[in-house]
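Visitor: Once you've had a glance at the structure underneath, I'll fire off some questions.
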Amino acid sequence: MSILGTRVIRTEDPRLLTAGGIYVDDLREAELAGAVRATFVRATVAHALITGIDKSEALAQPGVVAVLTAADMTDLPPSEPPGGEVPGPDEPPAEGPVPLGGKWAEPLLAVDRVRFVGEPVAIVLTDSTYQGEDAAELVSVDYEVLPPVTTIDGALAGDSLLFPDAGTNICVKGGRDIGDDSVFDGCDVVVEGDIVNQRVACLPMEGRATAAAFSGGKLTVWASTQNAQLARLIFTAIGLPPDAIRVVAPDVGGGFGAKIGVDREQIVVAWAAKHTGRPVRWVETRNENLMAMTQGRAQLHHIKIGGDRDGKIKAYRLDVIQDAGAFPRMSGFLPMLTNLMAPGVYDIPAVQADYKVVVTNTAPIAAYRGAGRPEAAATIERAVDWFAAAAGLDPAEVRKANFIQPDQFPFVTKAGAPYDTGEYEAALEKVLGAADYASLRADQQRRREAGETKQLGLGLASYVEITAADGGAGETAKVEVHDDGTATLYTGSSAHGQGHHTAFAMILQNETGIPMDKIEVIHGDTDLVPDGVGTYASRSLQLGGSAVHKAAIEVKEEAAKNAAALFEAAEADVVLDADTGTWHIAGDPDKSLTWAQVAEHADGGLIVANVRFTADRPTFPFGTHLSVVEVDTETGKVTLLRHITADDAGPVLNPVLMEGQRHGGIAQGAAQALCEEVLYDADGNPLTSTLADYAAITAAELPSFELLTSETPTPVNPLGVKGIGEAGTIGSTPAVHNAVIDAVSYLGIRHIDMPLTPERVWTAISEAQKASAK
Amino acid sequence: MKVELTVNGKEISADVEDRLLLVHFLRDVADLTATNVGCETTSCGACTVLLDGESVKSCTVLAAQADGRSVTTLEGLAADGQMHAVQEAFHQEHGLQCGFCTPGMVMAIVSLLKENPSPTEAEVRTGLEGNICRCTGYHNIVRAALAAAEAGK
C-alpha cells in the first residue's frame, strides 16, 4: 500500500521537542569559538542626511572590538547591482539588497542619508551581547533632518524625495491601460471605491540571524534563510567568488517570505568577519525585527466593478499603488502578481489592472505569505460583496453566477493568468453544506429582528492563487543509495517548519521501498547541495517533491542495471517490489535482492541519481473559506466563531502536513483582517516596534478551524500537486473581513478597512447610527 | 555576583553580571539552548521555563532572582529516554512546525495542566494567550494540550 496520502507524523519532531532546534544563536561550531557579537547602530530618524559619526566614546567601552561604518568598507568591490534596472513586467523579481540599483541603490550601511527609522548605520563588534547594546548607544550620529514621507499620498505629492537623483518617488509602473471606461457601459450596477491592504509584520518567531567565519580564504556563513544557495550569490557582494563561500541554513525559526535570500545586515556581518578576521555572530532583537525586517502587503487599491442586476459581473478594474518602503526590493514585483490575479475565480469579460510602486520613509516591503496574491483576493472578494449588496443578491449566489466552470480549463483570464485546473463551485458548495449556510442566515435574520447586541456575520471568500510562478527555475534533488541499504536525499528546497524531511522521505520510500527511517534528508548547505533554489512561493512539494520523484525513478533505473547483472537476467525482466524494497526477476518472486546487495555491486558501493525538475507552467490552487463572526454592536468587538474551508491543492501527500499549512495560513490571514497592522507616526517613527505594541494574534482570539477535503490534480507535475503554503492566508483574510462587514451591513455600513479592531468597528457603527438618526 | 541554581536537577553556580537575565544564564552559562528568546517584552513566551515548578518568562527574570531556586527547561522534561506526555502529544498532534516557540509552548502547557489537569478548549486558549506561535495557527497546539490532559487522566 502506498504511504502517500497517509497521516505520517513528522520525523523532524523528536529532536525539536527534546533538545530544541539548533538555530543560529545555538550553534556551538568550532569555527565560531570566540565569535564577537554584532550590534547595529540604527537610524533614529526617518529621513535625514548624515552629517557626522563619532565612534570614539563607543570605542572606549569595555569589550569593544570594532565600530565600523560605510567609510570603513573600502575593501568592497564596486557595487554592480544584480539586475541593474527595474525588472520589466515579464521578468523575474530582482533579489537582494540592491535590486533596482542605479539611482535607487540600497547601500549595505547608510552612506550619507538615512531613509527609515531602523536603517543600519554602523556595526559594533563586542565580546558580549550586553556590551554591544551599551556601546551601540554611545555611537553618536549627527543628522540634518529632512521632511519625512510616511504615506502613499505623501510619496505621490513628491514634495520630499527619498532619491533626489531619480526626481520622483515613483520607482516602478506597470500593467494595462485602465483608462477605457466604456467597459462599464450597459452595467445595471456599478460600484467604485478604495480598499486599503494594510502593512503587516511577517514576524517569524526567530528573527534574522547570521554567524560568519573567514579562514584560509573561505567564508562560512550560517544564516537564517529560506534559500542558502541564493544567499551564497548575495554574499558575493563582499568580494568573494561563490566557490569561496559556504552558506549553511541551520534550523530556521520561520520565514514567511521575509527570509528569502539575506538582508543587508547579514552581508555586513559576513563582511565584518572577513574584514576583522574574527568570527562574528548577529541575532537581531524583536525591536530590530519589527523596525527593519521587510514587511508585507502595504497596498492601496482603487476598484470599480460592474454588472447586471441578475448577478453577472461584466467588468472589473483594479488600480494598485504599492508602498515599497524606503528601498524598492521585491515590492517592485509584488503588485504585478496582484494585477495578474485581479479577477480571481471569476470569468469576467473585461478586466483592467495597473500598478505604481512608490518609496516612503518606512521599512522596506517584500514577500509575506502570499506575496501580492492575498492583496488581489482580498479586493476582488470585497468587490464581489459590494456588488452583491448593491444588486440585492446573496454573496454566495453572485459567486456561483460568475465562477469559471470546470469545462473551461485550461483558462486564460483577461488579466493573462493561465489557470490549470479548478472546481471552484464545488469547493463553495462543500463549504456552504458543511456550515449549514441556510441555518446561519436564518440565525442572522433572527438576531437582527430581535435587535440583539451580538450580531452574526457570514463571510465568503472564493480564491485562486498562483504557486511556483518560477517553475522554470525548478528544483534539484540527489539520491544516493548506499551499500548498507540506507539512502541519502539531498534537496535544494529549504525547510523552515514545513516538514520537507518527512514529505520527501515519503516520496522516496513510495518509489523505492527504502523505509523512511533509513532515509536521511539533507538541505541548506551549499557544500553538500551546491545547486538549489529554495523554499518560497509554495513551490517546495510541486518542484522539490517532483525532483525527488524524478531522482527516485532514475536511481531505480540505475539500480535495475546492477540487479540485472547480479541476476544474470535482462534488465527488462528485473522488477522492484516497492512495498518491500526488494528486487526480483519478473514472475520469480523467490529469488530476490535487497537494495544493499544491489548497491554493493555498483561502482563505489553507491547508486546515485542527480536531477533537476522544472515545470513549464505555474499551478493555481483554489478554494472557499466561510467565516462566521459575532460583532458586539455596543463595543465593536469581533469574535471569530467558526472558520470553515475547502482548500484544493491537488492530491494530498500527507494530510498532517497539509492541515498544518492551512491552519497557520488561516491564522495569519485572520490576523490581518482582525488585529495586525504596522503603524508609523507623522514623523516616520514606528509605533509597533515591540510585541507589546504589535497586535500579533494569539490562541485566545481564534477558534479551531473546520477543514474540508478537495483534491483536483494538476497536469503540470507528476505528483499532480499544487502549493498549499500560502493558500490559507489568501482565503482567510477576505472571508473574515466580509463576515465582519456582513454582520453590520444592516446598519448601512458598506466597508471598514482592515484591521477590524473594536475601535474601528465601533466608530463605523456609531457613525452609521448617527447618520440614520438624522 | 555569585548565583547558584538547580537546573534540570543539576546544581550550577557562577559569577555573573547583576543584570544577567535568566534566559541568558540558561543559554550561555548552563549551555542549554532549547530555551529561545523571541522578544524582549514578556510578550511571546518563547523563553518560558519552570521556576520552582511554575512557568515564568525567563527573558524578564534576572538570574539573581533565581538564585537558590530550581529551574526546569525543555531539556529536563523527558525522563529515561521517554518524552513527557506534553512532548509526545505535540509530536502526535503535529503541534510544532519551525520549532522556535515550541520549548516555551511545551513548558507553558506543562504548567497549565499542573494547575488545571482537565481544561476546556477555551481554558487552554486563554492559558496560552502569552505564547505566540506564527506557524501552527495554534490549532494543533490546542489539540496537543487537550490530548496531553486526556493522557494524564
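Following the order of the C-alpha cells, first chain is A, next is B, and so on, with residues numbered from 1 inside each chain and ligands from 1 in the order they appear.
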Identify every residue of chain B that has at least one atom within 7 Å of any atom of chain A, counting only C-alpha atoms, and report the result as number ranges by chain.
Guide: B: 33-34, 38-41, 43, 74-75, 78, 87, 91-92, 94, 97-101, 103, 125-126, 128-129, 132, 134-139
Visitor: Can you pull out the residues contacting Ala135 of chain A? Cut-off 8 Å, using only C-alpha atoms, and skip same-chain residues under 6 positions away; I want them as an MDAnalysis selection string.
Guide: chainID A and resid 58:59 61 64 124
Visitor: Could you pull out all residues of segment 493-706 of chain A with a DSSP call of strand (DSSP E) and give them as a ChimeraX atom specification?
Guide: /A:519-523,574-577,582-585,588-594,606-613,622-632,638-648,706
Visitor: Would you please give, as an MDAnalysis selection string, all residues of segment 347-490 of chain A that DSSP assigns to alpha helix (DSSP H) based on the backbone?
Guide: chainID A and resid 373:391 395:402 424:435 437:450
Visitor: Using C-alpha atoms, can you write the selected residues to a file as an mmCIF file, in the first residue's frame?
Guide:
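Saved the output as part_15.cif:
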```
data_model
loop_
_atom_site.group_PDB
_atom_site.id
_atom_site.type_symbol
_atom_site.label_atom_id
_atom_site.label_comp_id
_atom_site.auth_asym_id
_atom_site.auth_seq_id
_atom_site.Cartn_x
_atom_site.Cartn_y
_atom_site.Cartn_z
ATOM 1 C CA ARG A 373 -1.818 37.395 -4.333
ATOM 2 C CA PRO A 374 -3.571 37.919 -0.962
ATOM 3 C CA GLU A 375 -3.994 41.557 -1.903
ATOM 4 C CA ALA A 376 -5.708 40.576 -5.165
ATOM 5 C CA ALA A 377 -8.003 38.078 -3.446
ATOM 6 C CA ALA A 378 -8.846 40.433 -0.590
ATOM 7 C CA THR A 379 -10.000 43.102 -3.003
ATOM 8 C CA ILE A 380 -11.914 41.075 -5.588
ATOM 9 C CA GLU A 381 -13.712 39.284 -2.742
ATOM 10 C CA ARG A 382 -14.673 42.588 -1.118
ATOM 11 C CA ALA A 383 -15.672 43.907 -4.535
ATOM 12 C CA VAL A 384 -17.954 40.926 -5.199
ATOM 13 C CA ASP A 385 -19.638 41.509 -1.842
ATOM 14 C CA TRP A 386 -20.038 45.212 -2.674
ATOM 15 C CA PHE A 387 -21.572 44.236 -5.997
ATOM 16 C CA ALA A 388 -23.858 41.631 -4.392
ATOM 17 C CA ALA A 389 -25.053 44.132 -1.805
ATOM 18 C CA ALA A 390 -25.710 46.771 -4.475
ATOM 19 C CA ALA A 391 -27.593 44.256 -6.615
ATOM 20 C CA PRO A 395 -22.947 36.798 -1.958
ATOM 21 C CA ALA A 396 -22.974 33.018 -2.497
ATOM 22 C CA GLU A 397 -25.347 33.367 -5.464
ATOM 23 C CA VAL A 398 -23.227 36.074 -7.099
ATOM 24 C CA ARG A 399 -20.154 33.887 -6.782
ATOM 25 C CA LYS A 400 -21.946 30.936 -8.393
ATOM 26 C CA ALA A 401 -23.143 33.135 -11.243
ATOM 27 C CA ASN A 402 -19.588 34.115 -12.150
ATOM 28 C CA TYR A 424 -14.483 26.490 -7.848
ATOM 29 C CA GLU A 425 -18.210 25.986 -7.465
ATOM 30 C CA ALA A 426 -17.778 22.523 -5.934
ATOM 31 C CA ALA A 427 -15.480 23.973 -3.259
ATOM 32 C CA LEU A 428 -18.048 26.657 -2.436
ATOM 33 C CA GLU A 429 -20.888 24.126 -2.255
ATOM 34 C CA LYS A 430 -18.868 21.915 0.087
ATOM 35 C CA VAL A 431 -18.320 24.778 2.480
ATOM 36 C CA LEU A 432 -21.919 26.003 2.336
ATOM 37 C CA GLY A 433 -23.127 22.481 3.046
ATOM 38 C CA ALA A 434 -20.742 21.772 5.912
ATOM 39 C CA ALA A 435 -21.515 25.104 7.540
ATOM 40 C CA TYR A 437 -25.302 28.222 5.422
ATOM 41 C CA ALA A 438 -29.096 28.482 5.300
ATOM 42 C CA SER A 439 -29.399 27.949 9.065
ATOM 43 C CA LEU A 440 -26.685 30.507 9.726
ATOM 44 C CA ARG A 441 -28.505 33.057 7.572
ATOM 45 C CA ALA A 442 -31.699 32.292 9.488
ATOM 46 C CA ASP A 443 -29.900 32.835 12.810
ATOM 47 C CA GLN A 444 -28.530 36.111 11.484
ATOM 48 C CA GLN A 445 -32.025 37.230 10.492
ATOM 49 C CA ARG A 446 -33.415 36.236 13.884
ATOM 50 C CA ARG A 447 -30.752 38.249 15.719
ATOM 51 C CA ARG A 448 -31.391 41.283 13.545
ATOM 52 C CA GLU A 449 -35.127 41.150 14.070
ATOM 53 C CA ALA A 450 -34.668 40.698 17.814
#
```
Visitor: Could you name the residues that touch segment 226-235 of chain A at 6 Å or less, counting only C-alpha atoms, but leaving out those on the same chain fewer than 3 positions away, as a ChimeraX atom specification?
Guide: /A:247,249,259-262,267,494,524,532,534-535
Visitor: As a PDB file with C-alpha atoms, in the first residue's frame, please: the residues near Ile303 of chain A (cut-off 10 Å, only C-alpha atoms, same-chain neighbours under 3 positions excluded).
Guide:
```
ATOM      1  CA  VAL A 191     -19.678  50.101  -7.504  1.00  0.00           C
ATOM      2  CA  GLU A 192     -16.444  52.012  -7.047  1.00  0.00           C
ATOM      3  CA  GLY A 193     -14.185  52.719  -4.078  1.00  0.00           C
ATOM      4  CA  ASP A 194     -10.877  52.443  -2.232  1.00  0.00           C
ATOM      5  CA  ILE A 195      -9.672  49.428  -0.293  1.00  0.00           C
ATOM      6  CA  LEU A 300      -3.840  50.886  -1.719  1.00  0.00           C
ATOM      7  CA  TYR A 316     -13.620  44.904 -13.158  1.00  0.00           C
ATOM      8  CA  ARG A 317     -10.898  47.485 -12.725  1.00  0.00           C
ATOM      9  CA  LEU A 318      -8.060  47.350 -10.190  1.00  0.00           C
ATOM     10  CA  ASP A 319      -5.638  50.229  -9.738  1.00  0.00           C
ATOM     11  CA  VAL A 320      -2.825  49.328  -7.292  1.00  0.00           C
ATOM     12  CA  GLN A 352      -8.297  46.293 -16.323  1.00  0.00           C
ATOM     13  CA  ALA A 353      -5.400  46.373 -13.860  1.00  0.00           C
ATOM     14  CA  THR A 379     -10.000  43.102  -3.003  1.00  0.00           C
ATOM     15  CA  ILE A 380     -11.914  41.075  -5.588  1.00  0.00           C
ATOM     16  CA  ALA A 383     -15.672  43.907  -4.535  1.00  0.00           C
TER      17      ALA A 383
END
```
Visitor: Considering only C-alpha atoms, state which residue in the set B:Glu88, B:Glu4, B:Asp80, B:Glu54 is at the smallest distance from Lys114 of chain B.
Guide: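 Selected residue with least distance to Lys114 of chain B: B:Glu54.
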